Amino acid sequence: MSARRNPITLTTVAALAAMLGACTMAPRYRQPDPPVPAVFDANSSVTPEAAAVPASEIGWREFFPDAELQDLIRRALDNNRDLRIATLNVEAARAQYRIRRSDLVPSIDAQGQANNQRVPASLSATGESELNRTYSAGVGVPAFELDLFGRVRSLRRAALEEYFGFEENRTAAQLTLVSEVANAWLTLIADRELLALAQGTRDSQRKSYDLTRLRFDQGVSSEIDLHRSETAWREAEVDIAAQTRRVAQDRNALALLVGEPLPPEVGVGEHSIHAQTFSKELPAGLPAELLTRRPDVRAAEHALKAANADIGAARAAFFPSISLTGFYGNASDDLSALFQSGHTSWSFTPQLRLPVFSGGANIAGLNLANVRKRIEVARYEQSIQAAFRDVADALAARATFTDQIRAQEALTRASENSYRLADVRYRGGVDSYLSSLIAQRDFYSSQRALIETRLAGASNLVQLYAALGGGWKE
């Protein structure tokens, strides 16, 4: 039969495959109900919901107004190795999806073949040994599976969902990185403030010691006052050493997140924990909205959808499969005449495979796919519960930090007044040094507690921002 009269063409095969592969046996996907309350605790949210922009729509440059912190976040997004690995995982998943997608269409290969065979005399029809040579060249379709029951299409869908899941994981890694950089920077400037406080206290205590030493030499102060004064001075020096170590460790932690060495001026200058005014308009919304705002929840759902598609592939394994192998080109027993007219050759080889006995492998494969789907359902529900707790914890803390900071500021002012009066009375010889020392320690402790409370309040806002899905937009 000539090539022009041949009804079987590669285009026909591709069209037939597309029509037969339009269905799948995957179960219809149904999103599980969120295993959390319908609303957050009303007492924990202080922002009018209708008046504020969702955290997921607030870019990190808008939320973090400090220019130095913005630069650190930008550099971290460029250099952080964890984020780089997450990005490469996305590229790998994209390539895997493309491989699966290519299985839906026939692959066409250019083929050339030379077959040389010697037939011994005992097997030859002529009674003499023969040497047979055949040559062929053309294009072929190697074993293309017609996706009658959607096995290939289900695997493609699973690969697509896995790719989407890696995309969401990369976004989640970015959110985590932005919040970690912000918290590390806040910790650094807070520890620098504590270091400056310890240094100021050390200088003050040294002057107090010098005064007490002078009064002791004059016979005005007792020896125990002298030793108490020196003890307070040495305690301040101990705090300086500890805070110096913490600042160095804070810089190391921040450098690891940024992915490169930090300039020496990072965290110094006019930066203070009290001056960090992040966006306060962060409405919690409804727990159900976390399903669309949190990338880790979306990634868990994509994994569930991939497991759902795998069930379709496992079901299709119970049904017949048809693979097609075809060739069209020239064939000849003389290489020099291969491309001359009259040597057209074609072959079309369909193959039907019908499962009869597999030792229970197909049943086990389907059971495995169903179990894996139930596992992904549990993981999806777990991710929702974890997201709900993140937001609920941040809201619960947010509702109390404002009052706590206000109360700590009042306590610090009261302890300052107490110390100032006690110091005046000591210098005037009215009270002993013990009263001044106790008041000074109370004042120092309240100052440290105020810095630490402000740090906790700022970190809480960062935590709430990330918990609500903020940090992926610039």
# chains A, B, ... in the order shown; residues from 1 in each chain; ligands from 1

$ closest_atom_pairs --of "stretch 240-348 of chain A" --to "stretch 128-136 of chain A" --cutoff "9 Å" --atoms "only C-alpha atoms" --output "JSON lines"
{"residue": "A:Gly329", "atom": "CA", "partner": "A:Ser136", "partner_atom": "CA", "distance": 7.1}
{"residue": "A:Asn330", "atom": "CA", "partner": "A:Ser136", "partner_atom": "CA", "distance": 5.5}
{"residue": "A:Ala331", "atom": "CA", "partner": "A:Ser136", "partner_atom": "CA", "distance": 4.1}
{"residue": "A:Ser332", "atom": "CA", "partner": "A:Tyr135", "partner_atom": "CA", "distance": 5.3}
{"residue": "A:Asp333", "atom": "CA", "partner": "A:Thr134", "partner_atom": "CA", "distance": 4.2}
{"residue": "A:Asp334", "atom": "CA", "partner": "A:Thr134", "partner_atom": "CA", "distance": 7.0}
{"residue": "A:Leu335", "atom": "CA", "partner": "A:Tyr135", "partner_atom": "CA", "distance": 6.1}
{"residue": "A:Leu338", "atom": "CA", "partner": "A:Tyr135", "partner_atom": "CA", "distance": 6.9}
{"residue": "A:Ser345", "atom": "CA", "partner": "A:Ser136", "partner_atom": "CA", "distance": 8.3}

$ write_last_selection --atoms "N, CA and C atoms" --output "PDB file, in the first residue's frame"
ATOM      1  N   GLY A 329       8.574   5.283   6.808  1.00  0.00           N
ATOM      2  CA  GLY A 329       9.820   5.712   6.191  1.00  0.00           C
ATOM      3  C   GLY A 329      10.167   4.838   5.008  1.00  0.00           C
ATOM      4  N   ASN A 330      11.435   4.593   4.808  1.00  0.00           N
ATOM      5  CA  ASN A 330      11.928   3.777   3.698  1.00  0.00           C
ATOM      6  C   ASN A 330      12.680   2.580   4.241  1.00  0.00           C
ATOM      7  N   ALA A 331      12.646   1.477   3.487  1.00  0.00           N
ATOM      8  CA  ALA A 331      13.384   0.270   3.854  1.00  0.00           C
ATOM      9  C   ALA A 331      13.917  -0.382   2.579  1.00  0.00           C
ATOM     10  N   SER A 332      15.131  -0.934   2.694  1.00  0.00           N
ATOM     11  CA  SER A 332      15.746  -1.556   1.514  1.00  0.00           C
ATOM     12  C   SER A 332      16.823  -2.518   1.967  1.00  0.00           C
ATOM     13  N   ASP A 333      17.131  -3.501   1.102  1.00  0.00           N
ATOM     14  CA  ASP A 333      18.239  -4.400   1.400  1.00  0.00           C
ATOM     15  C   ASP A 333      19.550  -3.886   0.850  1.00  0.00           C
ATOM     16  N   ASP A 334      19.488  -2.704   0.211  1.00  0.00           N
ATOM     17  CA  ASP A 334      20.688  -2.075  -0.347  1.00  0.00           C
ATOM     18  C   ASP A 334      20.750  -0.647   0.179  1.00  0.00           C
ATOM     19  N   LEU A 335      21.794  -0.321   0.891  1.00  0.00           N
ATOM     20  CA  LEU A 335      21.895   1.000   1.512  1.00  0.00           C
ATOM     21  C   LEU A 335      21.879   2.101   0.478  1.00  0.00           C
ATOM     22  N   LEU A 338      18.294   3.070  -0.543  1.00  0.00           N
ATOM     23  CA  LEU A 338      17.340   3.250   0.549  1.00  0.00           C
ATOM     24  C   LEU A 338      16.356   4.379   0.271  1.00  0.00           C
ATOM     25  N   SER A 345       8.020   2.254   3.435  1.00  0.00           N
ATOM     26  CA  SER A 345       7.664   1.199   4.395  1.00  0.00           C
ATOM     27  C   SER A 345       6.932   1.836   5.577  1.00  0.00           C
TER      28      SER A 345
END

$ residues_around --residues "stretch 250-259 of chain A" --least-positions-apart "4" --cutoff "9 Å" --atoms "only C-alpha atoms" --output "tab-separated table (two decimals) with N, CA and C atoms, in the first residue's frame"
chain	number	residue	atom	x	y	z
A	72	LEU	N	17.90	44.74	55.00
A	72	LEU	CA	18.26	43.40	55.47
A	72	LEU	C	17.31	42.34	54.90
A	73	ILE	N	16.03	42.65	54.88
A	73	ILE	CA	15.06	41.69	54.32
A	73	ILE	C	15.31	41.48	52.83
A	74	ARG	N	15.57	42.57	52.12
A	74	ARG	CA	15.84	42.44	50.68
A	74	ARG	C	17.05	41.57	50.42
A	75	ARG	N	18.11	41.79	51.19
A	75	ARG	CA	19.32	40.98	51.00
A	75	ARG	C	19.09	39.53	51.39
A	76	ALA	N	18.29	39.31	52.42
A	76	ALA	CA	17.98	37.93	52.81
A	76	ALA	C	17.21	37.21	51.72
A	77	LEU	N	16.26	37.90	51.09
A	77	LEU	CA	15.49	37.27	50.02
A	77	LEU	C	16.38	36.94	48.82
A	78	ASP	N	17.47	37.66	48.67
A	78	ASP	CA	18.39	37.40	47.56
A	78	ASP	C	19.41	36.32	47.89
A	79	ASN	N	19.79	36.20	49.18
A	79	ASN	CA	20.96	35.39	49.51
A	79	ASN	C	20.68	34.21	50.43
A	80	ASN	N	19.55	34.17	51.11
A	80	ASN	CA	19.31	33.12	52.08
A	80	ASN	C	19.30	31.74	51.40
A	81	ARG	N	20.05	30.81	51.96
A	81	ARG	CA	20.19	29.49	51.32
A	81	ARG	C	18.94	28.64	51.46
A	82	ASP	N	18.23	28.74	52.57
A	82	ASP	CA	17.00	27.97	52.70
A	82	ASP	C	15.98	28.39	51.64
A	177	LEU	N	11.06	33.60	56.49
A	177	LEU	CA	12.33	34.32	56.44
A	177	LEU	C	12.14	35.80	56.79
A	180	GLU	N	11.59	36.08	60.48
A	180	GLU	CA	12.79	35.74	61.25
A	180	GLU	C	13.83	36.85	61.17
A	181	VAL	N	13.98	37.46	60.00
A	181	VAL	CA	14.93	38.58	59.88
A	181	VAL	C	14.47	39.74	60.75
A	184	ALA	N	15.06	38.84	64.41
A	184	ALA	CA	16.50	38.84	64.73
A	184	ALA	C	17.03	40.27	64.83
A	185	TRP	N	16.57	41.15	63.93
A	185	TRP	CA	17.01	42.54	63.98
A	185	TRP	C	16.46	43.24	65.21
A	187	THR	N	15.72	41.83	68.04
A	187	THR	CA	16.48	41.30	69.18
A	187	THR	C	17.85	41.97	69.27
A	188	LEU	N	18.47	42.19	68.12
A	188	LEU	CA	19.78	42.83	68.11
A	188	LEU	C	19.72	44.25	68.68
A	191	ASP	N	19.01	44.13	72.44
A	191	ASP	CA	20.17	43.75	73.23
A	191	ASP	C	21.22	44.85	73.24
A	245	ARG	N	28.23	39.60	74.77
A	245	ARG	CA	28.17	38.26	74.14
A	245	ARG	C	26.86	38.08	73.38
A	246	ARG	N	25.75	38.51	73.96
A	246	ARG	CA	24.45	38.36	73.29
A	246	ARG	C	24.40	39.17	72.01
A	266	VAL	N	25.21	47.86	61.36
A	266	VAL	CA	23.86	47.31	61.50
A	266	VAL	C	23.45	47.29	62.96
A	267	GLY	N	22.29	47.84	63.25
A	267	GLY	CA	21.74	47.82	64.60
A	267	GLY	C	22.24	48.89	65.52

$ residues_around --residues "stretch 460-465 of chain A" --least-positions-apart "4" --cutoff "12 Å" --atoms "only C-alpha atoms" --output "PyMOL selection string"
chain A and resi 44-45+53-60+62-64+175-186+276-284+293-294+387-402+453-456+469-472

$ residues_around --residues "A:Leu324" --least-positions-apart "6" --cutoff "7 Å" --atoms "only C-alpha atoms" --output "ChimeraX atom specification"
/A:143-145,349-351
